[in-house]
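What's in coords.cif: mmCIF, C-alpha atoms
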data_structure
#
loop_
_atom_site.label_atom_id
_atom_site.label_comp_id
_atom_site.auth_asym_id
_atom_site.auth_seq_id
_atom_site.Cartn_x
_atom_site.Cartn_y
_atom_site.Cartn_z
CA MET A 1 -32.19 -28.24 -25.07
CA LYS A 2 -35.03 -30.16 -26.67
CA LEU A 3 -36.20 -29.84 -30.25
CA LYS A 4 -39.79 -30.88 -30.86
CA ILE A 5 -40.94 -31.20 -34.47
CA LEU A 6 -44.62 -30.41 -34.97
CA GLY A 7 -44.50 -30.51 -38.76
CA SER A 8 -41.92 -30.67 -41.55
CA SER A 9 -43.63 -30.93 -44.91
CA SER A 10 -45.70 -29.04 -47.44
CA GLY A 11 -48.62 -29.74 -45.10
CA GLY A 12 -47.13 -27.46 -42.44
CA ASN A 13 -43.86 -26.67 -40.69
CA CYS A 14 -43.21 -25.86 -37.04
CA TYR A 15 -40.27 -26.52 -34.70
CA LEU A 16 -39.99 -25.82 -30.97
CA PHE A 17 -36.64 -25.24 -29.28
CA THR A 18 -37.08 -25.54 -25.52
CA ALA A 19 -34.28 -24.83 -23.05
CA ASP A 20 -33.94 -26.36 -19.59
CA SER A 21 -35.48 -23.16 -18.20
CA ASN A 22 -38.57 -23.97 -20.34
CA GLU A 23 -37.96 -20.90 -22.51
CA THR A 24 -39.13 -21.79 -26.02
CA LEU A 25 -38.28 -20.38 -29.43
CA ILE A 26 -40.70 -21.28 -32.21
CA VAL A 27 -39.35 -21.60 -35.74
CA GLU A 28 -42.08 -21.47 -38.41
CA CYS A 29 -45.81 -21.30 -37.69
CA GLY A 30 -47.27 -23.20 -40.63
CA ILE A 31 -49.61 -25.35 -38.56
CA ASP A 32 -52.78 -24.63 -36.58
CA ILE A 33 -52.01 -22.64 -33.46
CA LYS A 34 -54.08 -25.17 -31.50
CA GLU A 35 -51.37 -27.76 -32.19
CA MET A 36 -48.69 -25.38 -30.96
CA LYS A 37 -50.64 -24.63 -27.80
CA LYS A 38 -51.13 -28.33 -27.12
CA ALA A 39 -47.39 -29.01 -27.56
CA LEU A 40 -46.68 -26.16 -25.12
CA ASN A 41 -49.16 -27.52 -22.54
CA PHE A 42 -51.41 -24.54 -23.29
CA ASP A 43 -48.89 -22.18 -21.69
CA LEU A 44 -47.56 -19.56 -24.10
CA SER A 45 -45.82 -17.56 -21.39
CA SER A 46 -42.63 -19.55 -21.97
CA VAL A 47 -42.41 -18.55 -25.64
CA THR A 48 -39.75 -15.90 -26.27
CA GLY A 49 -40.46 -15.46 -29.97
CA CYS A 50 -41.28 -17.02 -33.34
CA LEU A 51 -39.05 -17.00 -36.44
CA VAL A 52 -40.63 -17.14 -39.90
CA SER A 53 -38.43 -18.00 -42.88
CA HIS A 54 -40.80 -16.84 -45.65
CA GLU A 55 -44.41 -16.12 -46.47
CA HIS A 56 -45.64 -19.43 -47.93
CA SER A 57 -48.57 -20.71 -45.89
CA ASP A 58 -46.95 -23.99 -44.86
CA HIS A 59 -44.48 -21.82 -42.92
CA SER A 60 -46.68 -18.88 -41.89
CA LYS A 61 -50.29 -20.12 -41.73
CA SER A 62 -50.88 -19.08 -38.12
CA ILE A 63 -48.80 -15.90 -38.06
CA LYS A 64 -51.70 -13.56 -37.22
CA LYS A 65 -52.97 -15.82 -34.44
CA VAL A 66 -49.45 -16.17 -33.04
CA LEU A 67 -49.05 -12.39 -33.00
CA ASN A 68 -52.46 -11.91 -31.41
CA ALA A 69 -51.51 -14.46 -28.76
CA GLY A 70 -48.84 -12.02 -27.60
CA ILE A 71 -45.82 -13.68 -29.23
CA ASP A 72 -43.20 -11.53 -30.95
CA CYS A 73 -42.56 -12.69 -34.52
CA TYR A 74 -39.34 -12.12 -36.45
CA MET A 75 -38.96 -12.20 -40.23
CA SER A 76 -37.32 -10.40 -43.14
CA GLU A 77 -38.72 -7.11 -44.39
CA GLY A 78 -39.83 -8.71 -47.65
CA THR A 79 -41.66 -11.50 -45.81
CA ALA A 80 -43.51 -9.02 -43.60
CA LYS A 81 -44.60 -7.05 -46.67
CA ALA A 82 -45.66 -10.19 -48.54
CA LEU A 83 -47.77 -11.29 -45.57
CA GLY A 84 -49.27 -7.83 -45.20
CA ILE A 85 -48.39 -7.87 -41.52
CA GLU A 86 -48.76 -4.65 -39.55
CA HIS A 87 -48.59 -5.49 -35.87
CA HIS A 88 -46.61 -4.06 -32.99
CA ARG A 89 -45.16 -7.51 -32.24
CA THR A 90 -43.68 -7.87 -35.74
CA HIS A 91 -39.91 -7.41 -35.86
CA ILE A 92 -37.73 -7.18 -38.96
CA LEU A 93 -34.67 -9.42 -38.95
CA PRO A 94 -31.68 -7.74 -40.59
CA LYS A 95 -29.53 -10.18 -42.52
CA LEU A 96 -26.07 -11.14 -41.23
CA ARG A 97 -26.55 -9.28 -37.94
CA MET A 98 -27.01 -10.96 -34.58
CA LEU A 99 -30.20 -10.33 -32.64
CA GLN A 100 -30.95 -11.41 -29.07
CA ILE A 101 -34.35 -13.03 -28.53
CA GLY A 102 -34.55 -13.98 -24.89
CA SER A 103 -31.63 -16.31 -24.21
CA TYR A 104 -31.37 -17.20 -27.92
CA THR A 105 -29.09 -15.37 -30.35
CA VAL A 106 -30.29 -15.41 -33.96
CA MET A 107 -28.75 -14.34 -37.26
CA ALA A 108 -30.67 -14.47 -40.53
CA PHE A 109 -29.07 -15.12 -43.91
CA LYS A 110 -30.46 -15.06 -47.44
CA THR A 111 -31.73 -18.29 -48.99
CA GLN A 112 -32.94 -19.08 -52.52
CA HIS A 113 -36.66 -19.75 -52.99
CA ASP A 114 -39.55 -18.59 -55.17
CA CYS A 115 -40.86 -15.96 -52.78
CA ALA A 116 -40.23 -12.37 -51.71
CA ASP A 117 -37.32 -12.41 -49.27
CA PRO A 118 -36.57 -15.87 -47.80
CA VAL A 119 -34.05 -16.42 -45.03
CA GLY A 120 -32.41 -19.17 -43.04
CA PHE A 121 -31.21 -18.85 -39.48
CA LEU A 122 -28.22 -19.44 -37.29
CA ILE A 123 -29.56 -19.99 -33.78
CA TYR A 124 -27.27 -19.98 -30.75
CA HIS A 125 -28.05 -20.99 -27.19
CA PRO A 126 -25.49 -21.96 -24.51
CA GLU A 127 -27.16 -25.33 -24.06
CA MET A 128 -26.95 -26.41 -27.72
CA GLY A 129 -24.27 -24.24 -29.32
CA ILE A 130 -25.01 -23.14 -32.89
CA THR A 131 -27.80 -24.68 -34.95
CA LEU A 132 -28.12 -24.00 -38.67
CA PHE A 133 -31.71 -23.88 -39.98
CA ALA A 134 -32.23 -23.73 -43.75
CA THR A 135 -35.36 -24.85 -45.53
CA ASP A 136 -37.17 -24.16 -48.82
CA THR A 137 -34.02 -23.21 -50.66
CA TYR A 138 -32.39 -24.79 -53.70
CA TYR A 139 -28.95 -23.50 -52.70
CA VAL A 140 -27.08 -22.09 -49.70
CA LYS A 141 -24.28 -19.78 -50.83
CA TYR A 142 -22.55 -19.54 -47.44
CA ASN A 143 -20.11 -21.86 -45.73
CA PHE A 144 -20.30 -22.10 -41.96
CA GLU A 145 -17.87 -22.89 -39.17
CA GLY A 146 -18.49 -23.86 -35.56
CA LEU A 147 -21.85 -25.55 -36.12
CA ASN A 148 -23.18 -28.02 -33.57
CA ASN A 149 -26.44 -29.02 -35.27
CA ILE A 150 -27.58 -28.78 -38.88
CA MET A 151 -31.26 -28.62 -39.82
CA ILE A 152 -31.35 -28.69 -43.59
CA GLU A 153 -34.03 -29.22 -46.22
CA CYS A 154 -33.58 -32.44 -48.20
CA ASN A 155 -36.66 -32.29 -50.37
CA TYR A 156 -36.10 -34.60 -53.33
CA ALA A 157 -33.70 -36.72 -55.34
CA LYS A 158 -33.37 -35.86 -59.01
CA ASP A 159 -33.55 -39.49 -60.15
CA ILE A 160 -36.81 -40.05 -58.25
CA LEU A 161 -38.30 -36.80 -59.52
CA ASN A 162 -37.36 -37.56 -63.12
CA LYS A 163 -38.90 -41.03 -62.88
CA ASN A 164 -42.09 -39.49 -61.52
CA VAL A 165 -42.13 -37.15 -64.50
CA SER A 166 -41.65 -40.02 -66.95
CA ASP A 167 -44.41 -41.94 -65.17
CA ARG A 168 -46.63 -38.84 -65.44
CA ILE A 169 -46.99 -38.58 -61.67
CA ILE A 170 -45.32 -35.15 -61.74
CA THR A 171 -45.75 -32.57 -64.51
CA ASN A 172 -42.79 -30.87 -66.17
CA VAL A 173 -44.10 -27.53 -64.91
CA LEU A 174 -44.01 -28.77 -61.32
CA LYS A 175 -40.60 -30.36 -61.88
CA ASP A 176 -39.17 -27.03 -63.03
CA ARG A 177 -40.67 -25.28 -60.02
CA ILE A 178 -39.14 -27.86 -57.65
CA TYR A 179 -35.72 -27.46 -59.30
CA LYS A 180 -35.83 -23.72 -58.65
CA SER A 181 -37.19 -23.76 -55.11
CA HIS A 182 -36.11 -26.82 -53.10
CA PHE A 183 -32.88 -28.51 -52.01
CA GLU A 184 -31.99 -31.66 -53.97
CA PHE A 185 -30.41 -34.65 -52.21
CA GLU A 186 -27.04 -34.63 -54.00
CA ASN A 187 -26.80 -30.88 -53.53
CA VAL A 188 -27.45 -31.32 -49.81
CA LYS A 189 -24.58 -33.81 -49.64
CA GLY A 190 -22.39 -31.34 -51.50
CA PHE A 191 -23.32 -28.63 -49.02
CA LEU A 192 -22.41 -30.88 -46.10
CA LYS A 193 -19.05 -31.77 -47.65
CA ALA A 194 -18.26 -28.08 -48.17
CA ASN A 195 -18.82 -27.15 -44.53
CA ASP A 196 -16.96 -27.68 -41.28
CA LEU A 197 -18.67 -30.63 -39.57
CA SER A 198 -16.06 -31.17 -36.86
CA GLY A 199 -18.35 -29.99 -34.06
CA VAL A 200 -21.68 -31.18 -35.50
CA ARG A 201 -23.60 -33.63 -33.31
CA ASN A 202 -26.85 -33.95 -35.27
CA ILE A 203 -27.94 -33.56 -38.88
CA ILE A 204 -31.70 -33.19 -39.22
CA LEU A 205 -33.12 -33.59 -42.72
CA MET A 206 -36.26 -31.49 -43.16
CA HIS A 207 -39.15 -31.05 -45.55
CA LEU A 208 -38.82 -34.35 -47.45
CA SER A 209 -41.24 -34.65 -50.36
CA ASP A 210 -43.82 -37.41 -50.01
CA ARG A 211 -43.41 -38.43 -53.65
CA ASN A 212 -39.87 -37.45 -54.57
CA SER A 213 -37.77 -38.70 -51.66
CA GLU A 214 -36.75 -41.95 -49.95
CA VAL A 215 -36.43 -41.61 -46.18
CA ASN A 216 -34.16 -44.61 -45.54
CA ARG A 217 -31.89 -43.83 -48.49
CA PHE A 218 -31.46 -40.18 -47.54
CA LYS A 219 -30.81 -40.97 -43.89
CA SER A 220 -28.35 -43.81 -44.51
CA GLU A 221 -26.34 -42.03 -47.22
CA VAL A 222 -25.96 -38.84 -45.17
CA LYS A 223 -24.92 -40.89 -42.13
CA GLU A 224 -22.40 -42.82 -44.24
CA LEU A 225 -21.05 -39.62 -45.79
CA THR A 226 -20.64 -37.69 -42.54
CA GLY A 227 -20.47 -40.26 -39.73
CA ILE A 228 -22.86 -37.99 -37.81
CA ASN A 229 -26.16 -38.88 -36.16
CA THR A 230 -28.76 -38.28 -38.87
CA ILE A 231 -32.46 -37.77 -38.18
CA VAL A 232 -35.36 -37.30 -40.58
CA ALA A 233 -37.72 -34.60 -39.34
CA ASP A 234 -41.29 -35.77 -38.97
CA LYS A 235 -44.26 -34.78 -36.88
CA GLY A 236 -43.79 -35.92 -33.28
CA VAL A 237 -40.02 -36.43 -33.46
CA GLU A 238 -38.07 -35.04 -30.50
CA VAL A 239 -34.30 -34.51 -30.52
CA ASP A 240 -31.91 -33.84 -27.64
CA LEU A 241 -29.71 -30.93 -28.73
CA ASP A 242 -27.73 -30.61 -25.49
CA LEU A 243 -24.19 -29.63 -26.37
CA TYR A 244 -22.59 -31.97 -23.84
CA GLY A 245 -25.37 -34.52 -23.38
CA PHE A 246 -25.12 -38.20 -24.22
#

Could I get this file's structure written as structure tokens?
Amino acid sequence: MKLKILGSSSGGNCYLFTADSNETLIVECGIDIKEMKKALNFDLSSVTGCLVSHEHSDHSKSIKKVLNAGIDCYMSEGTAKALGIEHHRTHILPKLRMLQIGSYTVMAFKTQHDCADPVGFLIYHPEMGITLFATDTYYVKYNFEGLNNIMIECNYAKDILNKNVSDRIITNVLKDRIYKSHFEFENVKGFLKANDLSGVRNIILMHLSDRNSEVNRFKSEVKELTGINTIVADKGVEVDLDLYGF
């Protein structure tokens, strides 16, 4: 199982999970569909579906073009309504119920963000085990067992954000919005400590803020805390998610 990151920022988010059979699950479509097509060698026949976590454009920009390209898209009811999507390839993801999408099994769970009905995902495939995907959330209320990979937003550190406010780089209004919509570094570490990491092979930190994060600090402190391979998601990064690969 290969994970290819096409974007992981406020500029656009998109992740491709591709099995050995070439079957691909897209998570988020917040970039130009031309970039997705290029990454898929201009062959969309291998795509089994696209998951959308919420309606903000950096996660859903190309949703209509993806649907019109013949790809089934899965999202919460609130997200579909917020996007105004009425298309026969739109599917509503019920929360906390498993759904089969090709050879992938997906379960959505509620996250905390300033939008209509945001969700994260548990994604299972025999090649990679269970991957947790949670982005654009200031809190995850669930604890998880049996995870093999964790993809988690790590947007900002409070000390960096506060310094940017004092330096007048960030306004107080924006600071308050960030507090109520994105996952803070220390809270991410607290989430990791609260969960069963015994089977986790990779921790992938997503959606880092350009101004309010420090890549090397976040990566090294999470690796020191967990002892697990830690990767910062960025455009062009590819990760081997094979459950038994080395």

**OP:** Report as a PyMOL selection string the residues that result from applying the PyMOL selection byres ((chain A and resi 11) around 9) to the structure here.
**Re:** chain A and resi 7-10+12-13+30-31+58

Proximity check region 45-72 of chain A to region 86-90 of chain A, 9 Å, nearest pairs one decimal Å, all atoms listed in the file, as a tab-separated table:
residue	atom	partner	partner_atom	distance
A:Lys64	CA	A:His87	CA	8.8
A:Leu67	CA	A:Arg89	CA	6.3
A:Asn68	CA	A:Arg89	CA	8.6
A:Gly70	CA	A:Arg89	CA	7.4
A:Ile71	CA	A:Arg89	CA	6.9
A:Asp72	CA	A:Arg89	CA	4.7

**OP:** Mind checking which residues fall within 8 Å of region 74-83 of chain A, counting all atoms listed in the file, ignoring those fewer than 4 positions away in the same chain, and posting them as number ranges by chain?
**Re:** A: 49-55, 90-95, 116-119

Subject >> Resolved residues for the PyMOL selection byres ((chain A and resi 126-141) around 6) as number ranges by chain >> reply: A: 1, 111-113, 120-125, 142, 147-153, 181-183, 241-243

Original post:
Quick one: which residues end up in the PyMOL selection byres ((chain A and resi 221-231) around 10) for this structure, as a PyMOL selection string?
Top reply: chain A and resi 149-151+185-186+188-189+192-193+197-206+215-220+232-234+237-239

**OP:** May I ask for the distance between CA of Val27 (chain A) and CA of Gln100 (chain A), given in Å to one decimal place?
**Re:**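 Rounded to one decimal, the two atoms are 14.8 Å apart.
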
Original post:
Taking all atoms listed in the file into account, which of A:Ile169, A:Leu16, A:Leu161, A:Ala194 comes nearest Ser209 (chain A)?
Top reply: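 Using all atoms listed in the file, the shortest distance to Ser209 (chain A) belongs to A:Leu161.
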
What are the centre and the three edge lengths of an axis-aligned box that wraps all atoms of region 19-34 of chain A in the file, given that 4 Å is added to every side, written as AutoDock Vina command-line options and rounded to one decimal in Å?
--center_x -44.0 --center_y -23.4 --center_z -29.4 --size_x 28.1 --size_y 14.0 --size_z 30.4

Original post:
If you count all atoms listed in the file, which residues fall within 10 Å of Lys65 (chain A), apart from same-chain ones fewer than 6 positions away, as a PyMOL selection string?
Top reply: chain A and resi 29+32-34+71

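Of note, CA of Gly84 (chain A) and CA of Cys115 (chain A) are spaced 13.9 Å apart.
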
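Here CA of Asp20 (chain A) is placed at a distance of 15.9 Å from CA of Ala39 (chain A).
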